[in-house]
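Some notes on the structure that comes next.
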Amino acid sequence: MAELFYDDDADLSIIQNRKVAVLGYGSQGHAHALSLRDSGVDVRVGLHEGSKSRAKAEEQGLRVAAPAEAVQEADVIMVLVPDPIQAKVYEESIAPHLKDGDALFFGHGLNIRYDFIKPPASVDVCMVAPKGPGHLVRRQYEEGRGVPCIAAVEQDASGKAFALALSYAKAIGGTRAGVIKTTFTEEAETDLFGEQAVLCGGTASLVKAGFDTLVEAGYQPEIAYFECLHELKLIVDLMYEGGLEKMRWSVSETAEWGDYVSGPRIINDQTRAEMKKILGEIQDGTFANNWMAEYNAGLPKYNEYKKADEDSLLATTGEKLRSLMSWVDEDK
Ligand code: NAD
Ligand code: MG
Ligand code: MG
Ligand code: MG
Ligand code: MG
């Protein structure tokens with residue numbers, strides 16, 4: 001059974017008695033920095049010269065310093081710059097200024113799990129990862145609620161690292177909703193697997209294959225788009241509210257029967273074997289190493305894949321149809 005922690009299990013004064021540097025002011029960075037401040041924590045934001053986020057952070061009443069300077073001042077350093085550049089930021093701006101007893105915090109386990117960052121034994125290494133996008137983390141905090149978080153300790157130099165992580169989670173509203181204890185390994189591996197096999201990769205490929213099958217058989221692309229992509233949201237909303245049971249309760253009996261007999265032919269033994277292979281490549285570091293190599297080469301394949309999908313009939317059909325539905329994607 002997972003270990004869960006709520007407000008009463010966390011002591012806010014621990015983080016209030018530290019000096020926190022939040023490096024990065026993007027989706028997560030802005031939410032953490034603002035909510036830490038509103039929870040009475042001494043916080044500064046670390047951003048490089050010329051960063052567009054600098055003016056925004058200052059406008060919102062936060063003190064901004066160069067990353068190295070912020071690390072020097074602080075004794076808790078939360079790394080919220082993009083994952084592929086964290087190792088470089090660590091080498092250049094963090095490692096030279098880490099002191100014994102400092103705590104290094106992350107919002108995702110990738111760089112520690114795959115040893116791209118190797119902190120000295122004299123510092124705590126913790127993770128507080130909200131299970132939601134940064135803008136929701138901030139909005140829920142302001143509304144007196146919170147986004148659930150997962151928390152982990154990779155290295156407990158102080159002997160009190162988990163209490164510190166819980167205190168940090170409380171300051172951003174996480175313990176209002178619940179914090180689950182995990183490890184860097186479990187978080188990094190399940191996050192990568194989920195986004196590749198199911199959430200992003202699996203779903204995108206399923207949509208594309210369904211759309212292509214209908215269009216190649218001569219059906220109208222607009223019909224295929226509604227059937228294979230647009231309606232997916234309605235189905236997923238039902239699953240979110242009440243699991244597969246609610247989805248099956250709501251759809252017709254015909255749809256439910258088709259689900260049972262055809263679903264396993266799509267996600268069959270071969271697909272399950274491939275999922276295990278993908279998980280293996282996540283566990284043995286192949287995926288992470290390949291991704292870093294791609295990133296450092298300037299993203300040649302990433303850009304090629306992106307362009308191909310942006311030029312596809314699925315994309316152009318969707319763009320046309322969504323522009324006729326004014327209520328979809330209102331903030332585009
Ligand atoms: P982001 O891309 O939204 O923001 C990155 C920030 O880093 C920007 O403010 C950018 O200006 C800044 N930055 C870039 N280079 C920098 C440098 N050299 N020095 C200092 N700052 C620099 O990133 P994000 O999506 O908030 O992700 C941050 C971390 O949080 C990642 O580890 C990610 O996996 C994790 N995370 C993100 C989400 C999410 O909702 N996006 C959810 C859970 C965990
Ligand atoms: Mg995820
Ligand atoms: Mg992820
Ligand atoms: Mg239908
Ligand atoms: Mg039914």
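Chain labels A, B, ... are given in the sequence in which chains occur in the structure tokens; within each chain residues are numbered consecutively from 1, and ligands are likewise numbered from 1 in the order shown.
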
Write out as a ChimeraX atom specification each polymer residue (protein, DNA or RNA) that has an atom no more than 9 Å from ligand 1, with only C-alpha atoms and all ligand atoms counted.
/A:23-31,45-49,51-54,66-67,79-86,88-89,93,106-111,128-137

All residues having an atom within 6 Å of ligand 5 (only C-alpha atoms and all ligand atoms) as an NGL selection string
:A and (248-253)

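Atom pair CA of Tyr219 (chain A) / CA of Gly202 (chain A) has a distance of 23.7 Å (rounded to one decimal).
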
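Listed by chain and then residue number, the contacts of ligand 4 are Phe226, Glu227, Cys228, Glu231, Leu232, Val251, Ser252 and Ala255 of chain A (distance at most 10 Å, using only C-alpha atoms and all ligand atoms).
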
Dump as a PDB file, in the first residue's frame, selection limited to all heavy atoms:
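Dumped to selection30.pdb:
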ATOM      1  N   PHE A 226     -13.372  13.202 -36.614  1.00  0.00           N
ATOM      2  CA  PHE A 226     -14.305  13.234 -35.477  1.00  0.00           C
ATOM      3  C   PHE A 226     -14.322  11.885 -34.758  1.00  0.00           C
ATOM      4  O   PHE A 226     -14.301  11.815 -33.533  1.00  0.00           O
ATOM      5  CB  PHE A 226     -15.721  13.601 -35.937  1.00  0.00           C
ATOM      6  CG  PHE A 226     -15.919  15.087 -36.087  1.00  0.00           C
ATOM      7  CD1 PHE A 226     -16.402  15.635 -37.269  1.00  0.00           C
ATOM      8  CD2 PHE A 226     -15.627  15.937 -35.034  1.00  0.00           C
ATOM      9  CE1 PHE A 226     -16.583  17.008 -37.398  1.00  0.00           C
ATOM     10  CE2 PHE A 226     -15.802  17.307 -35.150  1.00  0.00           C
ATOM     11  CZ  PHE A 226     -16.272  17.841 -36.346  1.00  0.00           C
ATOM     12  N   GLU A 227     -14.351  10.818 -35.548  1.00  0.00           N
ATOM     13  CA  GLU A 227     -14.490   9.485 -34.959  1.00  0.00           C
ATOM     14  C   GLU A 227     -13.236   9.066 -34.176  1.00  0.00           C
ATOM     15  O   GLU A 227     -13.347   8.500 -33.095  1.00  0.00           O
ATOM     16  CB  GLU A 227     -14.776   8.485 -36.096  1.00  0.00           C
ATOM     17  CG  GLU A 227     -15.393   7.198 -35.643  1.00  0.00           C
ATOM     18  CD  GLU A 227     -16.687   7.400 -34.859  1.00  0.00           C
ATOM     19  OE1 GLU A 227     -17.639   8.048 -35.354  1.00  0.00           O
ATOM     20  OE2 GLU A 227     -16.723   6.898 -33.729  1.00  0.00           O
ATOM     21  N   CYS A 228     -12.067   9.350 -34.712  1.00  0.00           N
ATOM     22  CA  CYS A 228     -10.834   8.791 -34.128  1.00  0.00           C
ATOM     23  C   CYS A 228     -10.086   9.759 -33.217  1.00  0.00           C
ATOM     24  O   CYS A 228      -9.248   9.324 -32.425  1.00  0.00           O
ATOM     25  CB  CYS A 228      -9.883   8.323 -35.236  1.00  0.00           C
ATOM     26  SG  CYS A 228     -10.584   7.014 -36.246  1.00  0.00           S
ATOM     27  N   GLU A 231     -13.666  12.565 -30.630  1.00  0.00           N
ATOM     28  CA  GLU A 231     -14.496  11.837 -29.665  1.00  0.00           C
ATOM     29  C   GLU A 231     -13.686  11.219 -28.533  1.00  0.00           C
ATOM     30  O   GLU A 231     -14.240  10.825 -27.505  1.00  0.00           O
ATOM     31  CB  GLU A 231     -15.258  10.711 -30.383  1.00  0.00           C
ATOM     32  CG  GLU A 231     -16.713  11.014 -30.626  1.00  0.00           C
ATOM     33  CD  GLU A 231     -17.500   9.754 -30.994  1.00  0.00           C
ATOM     34  OE1 GLU A 231     -17.653   8.886 -30.133  1.00  0.00           O
ATOM     35  OE2 GLU A 231     -17.935   9.660 -32.154  1.00  0.00           O
ATOM     36  N   LEU A 232     -12.389  11.102 -28.746  1.00  0.00           N
ATOM     37  CA  LEU A 232     -11.530  10.494 -27.723  1.00  0.00           C
ATOM     38  C   LEU A 232     -11.647  11.236 -26.399  1.00  0.00           C
ATOM     39  O   LEU A 232     -11.660  10.635 -25.328  1.00  0.00           O
ATOM     40  CB  LEU A 232     -10.073  10.505 -28.230  1.00  0.00           C
ATOM     41  CG  LEU A 232      -9.024   9.785 -27.402  1.00  0.00           C
ATOM     42  CD1 LEU A 232      -9.362   8.297 -27.249  1.00  0.00           C
ATOM     43  CD2 LEU A 232      -7.655   9.929 -28.064  1.00  0.00           C
ATOM     44  N   VAL A 251     -21.535   4.239 -22.942  1.00  0.00           N
ATOM     45  CA  VAL A 251     -21.610   3.947 -24.377  1.00  0.00           C
ATOM     46  C   VAL A 251     -22.700   2.895 -24.625  1.00  0.00           C
ATOM     47  O   VAL A 251     -23.220   2.285 -23.700  1.00  0.00           O
ATOM     48  CB  VAL A 251     -20.240   3.465 -24.943  1.00  0.00           C
ATOM     49  CG1 VAL A 251     -19.162   4.520 -24.723  1.00  0.00           C
ATOM     50  CG2 VAL A 251     -19.818   2.120 -24.363  1.00  0.00           C
ATOM     51  N   SER A 252     -23.020   2.687 -25.898  1.00  0.00           N
ATOM     52  CA  SER A 252     -24.069   1.711 -26.231  1.00  0.00           C
ATOM     53  C   SER A 252     -23.564   0.290 -25.953  1.00  0.00           C
ATOM     54  O   SER A 252     -22.359   0.044 -25.893  1.00  0.00           O
ATOM     55  CB  SER A 252     -24.437   1.833 -27.704  1.00  0.00           C
ATOM     56  OG  SER A 252     -23.333   1.418 -28.501  1.00  0.00           O
ATOM     57  N   ALA A 255     -21.258  -0.710 -28.676  1.00  0.00           N
ATOM     58  CA  ALA A 255     -19.893  -0.197 -28.522  1.00  0.00           C
ATOM     59  C   ALA A 255     -19.137  -1.020 -27.478  1.00  0.00           C
ATOM     60  O   ALA A 255     -17.954  -1.328 -27.640  1.00  0.00           O
ATOM     61  CB  ALA A 255     -19.929   1.276 -28.118  1.00  0.00           C
TER      62      ALA A 255
END

Find the residues around Ala87 (chain A) up to 8 Å (only C-alpha atoms counted), leave out those fewer than 4 positions away in its own chain, and share them as a tab-separated table (two decimals) with N, CA and C atoms, in the first residue's frame.
chain	number	residue	atom	x	y	z
A	91	GLU	N	26.64	21.49	-13.77
A	91	GLU	CA	28.11	21.62	-13.85
A	91	GLU	C	28.56	23.07	-13.72
A	111	ASN	N	17.46	13.02	-14.43
A	111	ASN	CA	18.91	13.28	-14.40
A	111	ASN	C	19.64	12.55	-13.28
A	116	PHE	N	23.14	11.49	-15.03
A	116	PHE	CA	23.65	12.65	-15.77
A	116	PHE	C	24.12	13.71	-14.77
A	117	ILE	N	23.53	13.67	-13.56
A	117	ILE	CA	23.97	14.55	-12.47
A	117	ILE	C	24.38	13.65	-11.30

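Taking only C-alpha atoms, the non-local environment of Phe105 (chain A) within 9 Å (same-chain residues fewer than 5 positions away omitted) comprises A:Val76, A:Ile77, A:Met78, A:Val79, A:Leu80, A:Asp124, A:Val125, A:Cys126, A:Met127, A:Val128, A:Ala165.
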
Selection export as a PDB file, in the first residue's frame, atoms kept: N, CA and C atoms:
ATOM      1  N   VAL A  76      18.680  25.364  -0.120  1.00  0.00           N
ATOM      2  CA  VAL A  76      17.813  24.401  -0.805  1.00  0.00           C
ATOM      3  C   VAL A  76      17.740  24.875  -2.256  1.00  0.00           C
ATOM      4  N   ILE A  77      18.139  24.016  -3.189  1.00  0.00           N
ATOM      5  CA  ILE A  77      18.163  24.403  -4.605  1.00  0.00           C
ATOM      6  C   ILE A  77      17.207  23.511  -5.372  1.00  0.00           C
ATOM      7  N   MET A  78      16.121  24.099  -5.927  1.00  0.00           N
ATOM      8  CA  MET A  78      15.155  23.345  -6.713  1.00  0.00           C
ATOM      9  C   MET A  78      15.463  23.570  -8.193  1.00  0.00           C
ATOM     10  N   VAL A  79      15.743  22.475  -8.916  1.00  0.00           N
ATOM     11  CA  VAL A  79      16.159  22.563 -10.322  1.00  0.00           C
ATOM     12  C   VAL A  79      14.926  22.386 -11.221  1.00  0.00           C
ATOM     13  N   LEU A  80      14.446  23.495 -11.791  1.00  0.00           N
ATOM     14  CA  LEU A  80      13.251  23.440 -12.643  1.00  0.00           C
ATOM     15  C   LEU A  80      13.517  24.043 -14.022  1.00  0.00           C
ATOM     16  N   ASP A 124      21.695  16.581   0.677  1.00  0.00           N
ATOM     17  CA  ASP A 124      20.441  15.838   0.513  1.00  0.00           C
ATOM     18  C   ASP A 124      20.014  15.932  -0.958  1.00  0.00           C
ATOM     19  N   VAL A 125      19.454  14.856  -1.479  1.00  0.00           N
ATOM     20  CA  VAL A 125      18.908  14.887  -2.839  1.00  0.00           C
ATOM     21  C   VAL A 125      17.450  14.430  -2.770  1.00  0.00           C
ATOM     22  N   CYS A 126      16.553  15.344  -3.097  1.00  0.00           N
ATOM     23  CA  CYS A 126      15.108  15.108  -2.915  1.00  0.00           C
ATOM     24  C   CYS A 126      14.336  15.403  -4.200  1.00  0.00           C
ATOM     25  N   MET A 127      13.149  14.842  -4.273  1.00  0.00           N
ATOM     26  CA  MET A 127      12.238  15.183  -5.368  1.00  0.00           C
ATOM     27  C   MET A 127      10.869  15.547  -4.799  1.00  0.00           C
ATOM     28  N   VAL A 128      10.298  16.639  -5.303  1.00  0.00           N
ATOM     29  CA  VAL A 128       8.889  16.946  -5.083  1.00  0.00           C
ATOM     30  C   VAL A 128       8.314  17.207  -6.471  1.00  0.00           C
ATOM     31  N   ALA A 165      11.510  17.439   2.416  1.00  0.00           N
ATOM     32  CA  ALA A 165      10.733  17.322   1.171  1.00  0.00           C
ATOM     33  C   ALA A 165       9.232  17.514   1.455  1.00  0.00           C
TER      34      ALA A 165
END

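Residues of protein, DNA or RNA lying at most 10 Å from ligand 3, when only C-alpha atoms and all ligand atoms are considered, are Asp83, His108, Gly109, Leu110, Glu187, Ala188, Glu189, Thr190, Asp191, Leu192, Phe193, Gly194, Glu195, Gln196 and Cys200 of chain A.
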
Next, dump the selected residues to file, keeping only N, CA, C and O atoms, as a short mmCIF file (atom, residue, chain, number, x, y, z; two decimals), in the first residue's frame.
data_model
loop_
_atom_site.label_atom_id
_atom_site.label_comp_id
_atom_site.auth_asym_id
_atom_site.auth_seq_id
_atom_site.Cartn_x
_atom_site.Cartn_y
_atom_site.Cartn_z
N ASP A 83 14.70 19.39 -18.56
CA ASP A 83 15.49 18.21 -18.22
C ASP A 83 16.79 18.06 -19.02
O ASP A 83 17.83 17.78 -18.43
N HIS A 108 11.53 16.09 -11.29
CA HIS A 108 11.44 14.87 -12.11
C HIS A 108 12.77 14.13 -11.92
O HIS A 108 13.82 14.76 -11.75
N GLY A 109 12.72 12.80 -11.97
CA GLY A 109 13.89 12.01 -11.55
C GLY A 109 14.93 11.70 -12.61
O GLY A 109 15.96 11.10 -12.30
N LEU A 110 14.69 12.12 -13.86
CA LEU A 110 15.52 11.64 -14.97
C LEU A 110 17.02 11.81 -14.78
O LEU A 110 17.80 10.87 -14.94
N GLU A 187 9.74 6.93 -10.04
CA GLU A 187 9.13 8.09 -10.70
C GLU A 187 9.63 8.22 -12.13
O GLU A 187 8.85 8.40 -13.07
N ALA A 188 10.95 8.15 -12.32
CA ALA A 188 11.51 8.37 -13.67
C ALA A 188 11.04 7.28 -14.63
O ALA A 188 10.60 7.58 -15.75
N GLU A 189 11.09 6.03 -14.20
CA GLU A 189 10.76 4.93 -15.11
C GLU A 189 9.27 4.88 -15.43
O GLU A 189 8.88 4.68 -16.58
N THR A 190 8.40 5.08 -14.43
CA THR A 190 6.96 5.02 -14.71
C THR A 190 6.51 6.24 -15.52
O THR A 190 5.65 6.13 -16.39
N ASP A 191 7.11 7.40 -15.26
CA ASP A 191 6.76 8.60 -16.02
C ASP A 191 7.11 8.42 -17.49
O ASP A 191 6.30 8.69 -18.37
N LEU A 192 8.32 7.94 -17.76
CA LEU A 192 8.75 7.74 -19.15
C LEU A 192 7.89 6.67 -19.83
O LEU A 192 7.45 6.84 -20.97
N PHE A 193 7.64 5.57 -19.12
CA PHE A 193 6.83 4.51 -19.72
C PHE A 193 5.42 5.00 -20.02
O PHE A 193 4.88 4.78 -21.11
N GLY A 194 4.81 5.67 -19.06
CA GLY A 194 3.43 6.14 -19.24
C GLY A 194 3.31 7.06 -20.44
O GLY A 194 2.42 6.89 -21.28
N GLU A 195 4.21 8.02 -20.53
CA GLU A 195 4.08 8.98 -21.64
C GLU A 195 4.39 8.34 -22.99
O GLU A 195 3.82 8.71 -24.01
N GLN A 196 5.28 7.32 -23.01
CA GLN A 196 5.62 6.68 -24.29
C GLN A 196 4.58 5.65 -24.72
O GLN A 196 4.13 5.64 -25.86
N CYS A 200 1.08 9.65 -24.44
CA CYS A 200 1.43 10.43 -25.64
C CYS A 200 1.64 9.50 -26.82
O CYS A 200 0.89 9.52 -27.78
#

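Interatomic distance, CA of Ala21 (chain A) against CA of Arg63 (chain A): 10.1 Å.
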
Taking only C-alpha atoms and all ligand atoms into account, name the residue in A:Lys160, A:Leu4, A:Ala197, A:Tyr141 that is nearest to ligand 2.
A:Ala197

Where in region 118-301 of chain A does DSSP assign strand (DSSP E), given as a PyMOL selection string?
chain A and resi 124-130+149-155+179-181

Selection to disk with N, CA and C atoms, as a compact mmCIF listing (two decimals), in the first residue's frame:
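And here's selection.txt as it stands now:
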# COMPACT_ATOMS: atom_id res chain seq x y z
N ASP A 124 21.69 16.58 0.68
CA ASP A 124 20.44 15.84 0.51
C ASP A 124 20.01 15.93 -0.96
N VAL A 125 19.45 14.86 -1.48
CA VAL A 125 18.91 14.89 -2.84
C VAL A 125 17.45 14.43 -2.77
N CYS A 126 16.55 15.34 -3.10
CA CYS A 126 15.11 15.11 -2.91
C CYS A 126 14.34 15.40 -4.20
N MET A 127 13.15 14.84 -4.27
CA MET A 127 12.24 15.18 -5.37
C MET A 127 10.87 15.55 -4.80
N VAL A 128 10.30 16.64 -5.30
CA VAL A 128 8.89 16.95 -5.08
C VAL A 128 8.31 17.21 -6.47
N ALA A 129 7.52 16.28 -6.96
CA ALA A 129 6.98 16.38 -8.32
C ALA A 129 5.47 16.44 -8.27
N PRO A 130 4.90 17.62 -8.55
CA PRO A 130 3.44 17.71 -8.63
C PRO A 130 2.94 16.87 -9.79
N CYS A 149 1.22 15.48 -5.01
CA CYS A 149 2.63 15.42 -5.38
C CYS A 149 3.17 14.03 -5.07
N ILE A 150 4.27 13.68 -5.71
CA ILE A 150 5.02 12.54 -5.25
C ILE A 150 6.37 13.05 -4.76
N ALA A 151 6.88 12.43 -3.72
CA ALA A 151 8.12 12.90 -3.10
C ALA A 151 9.06 11.73 -2.89
N ALA A 152 10.36 12.02 -3.02
CA ALA A 152 11.36 10.96 -2.89
C ALA A 152 12.66 11.52 -2.34
N VAL A 153 13.41 10.65 -1.72
CA VAL A 153 14.76 11.00 -1.26
C VAL A 153 15.73 10.02 -1.89
N GLU A 154 16.70 10.53 -2.62
CA GLU A 154 17.72 9.67 -3.23
C GLU A 154 18.93 9.57 -2.31
N GLN A 155 19.19 10.65 -1.60
CA GLN A 155 20.38 10.71 -0.75
C GLN A 155 20.01 11.50 0.51
N VAL A 179 0.47 13.56 -0.60
CA VAL A 179 1.79 13.32 -1.17
C VAL A 179 2.09 11.83 -1.04
N ILE A 180 2.47 11.21 -2.13
CA ILE A 180 2.82 9.78 -2.12
C ILE A 180 4.34 9.64 -2.12
N LYS A 181 4.84 8.76 -1.27
CA LYS A 181 6.28 8.51 -1.23
C LYS A 181 6.68 7.57 -2.36

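Each of A:Glu186, A:Val207, A:Ala70, A:Ser13 was checked against ligand 2 using only C-alpha atoms and all ligand atoms; the smallest atom-to-atom distance is that of A:Glu186.
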
Just the residues within 8 Å of Ala171 (chain A), please, counting only C-alpha atoms, with nothing from its chain fewer than 5 positions along; format it as JSON, numbers by chain.
{"A": [12, 15, 35, 36, 39, 41]}
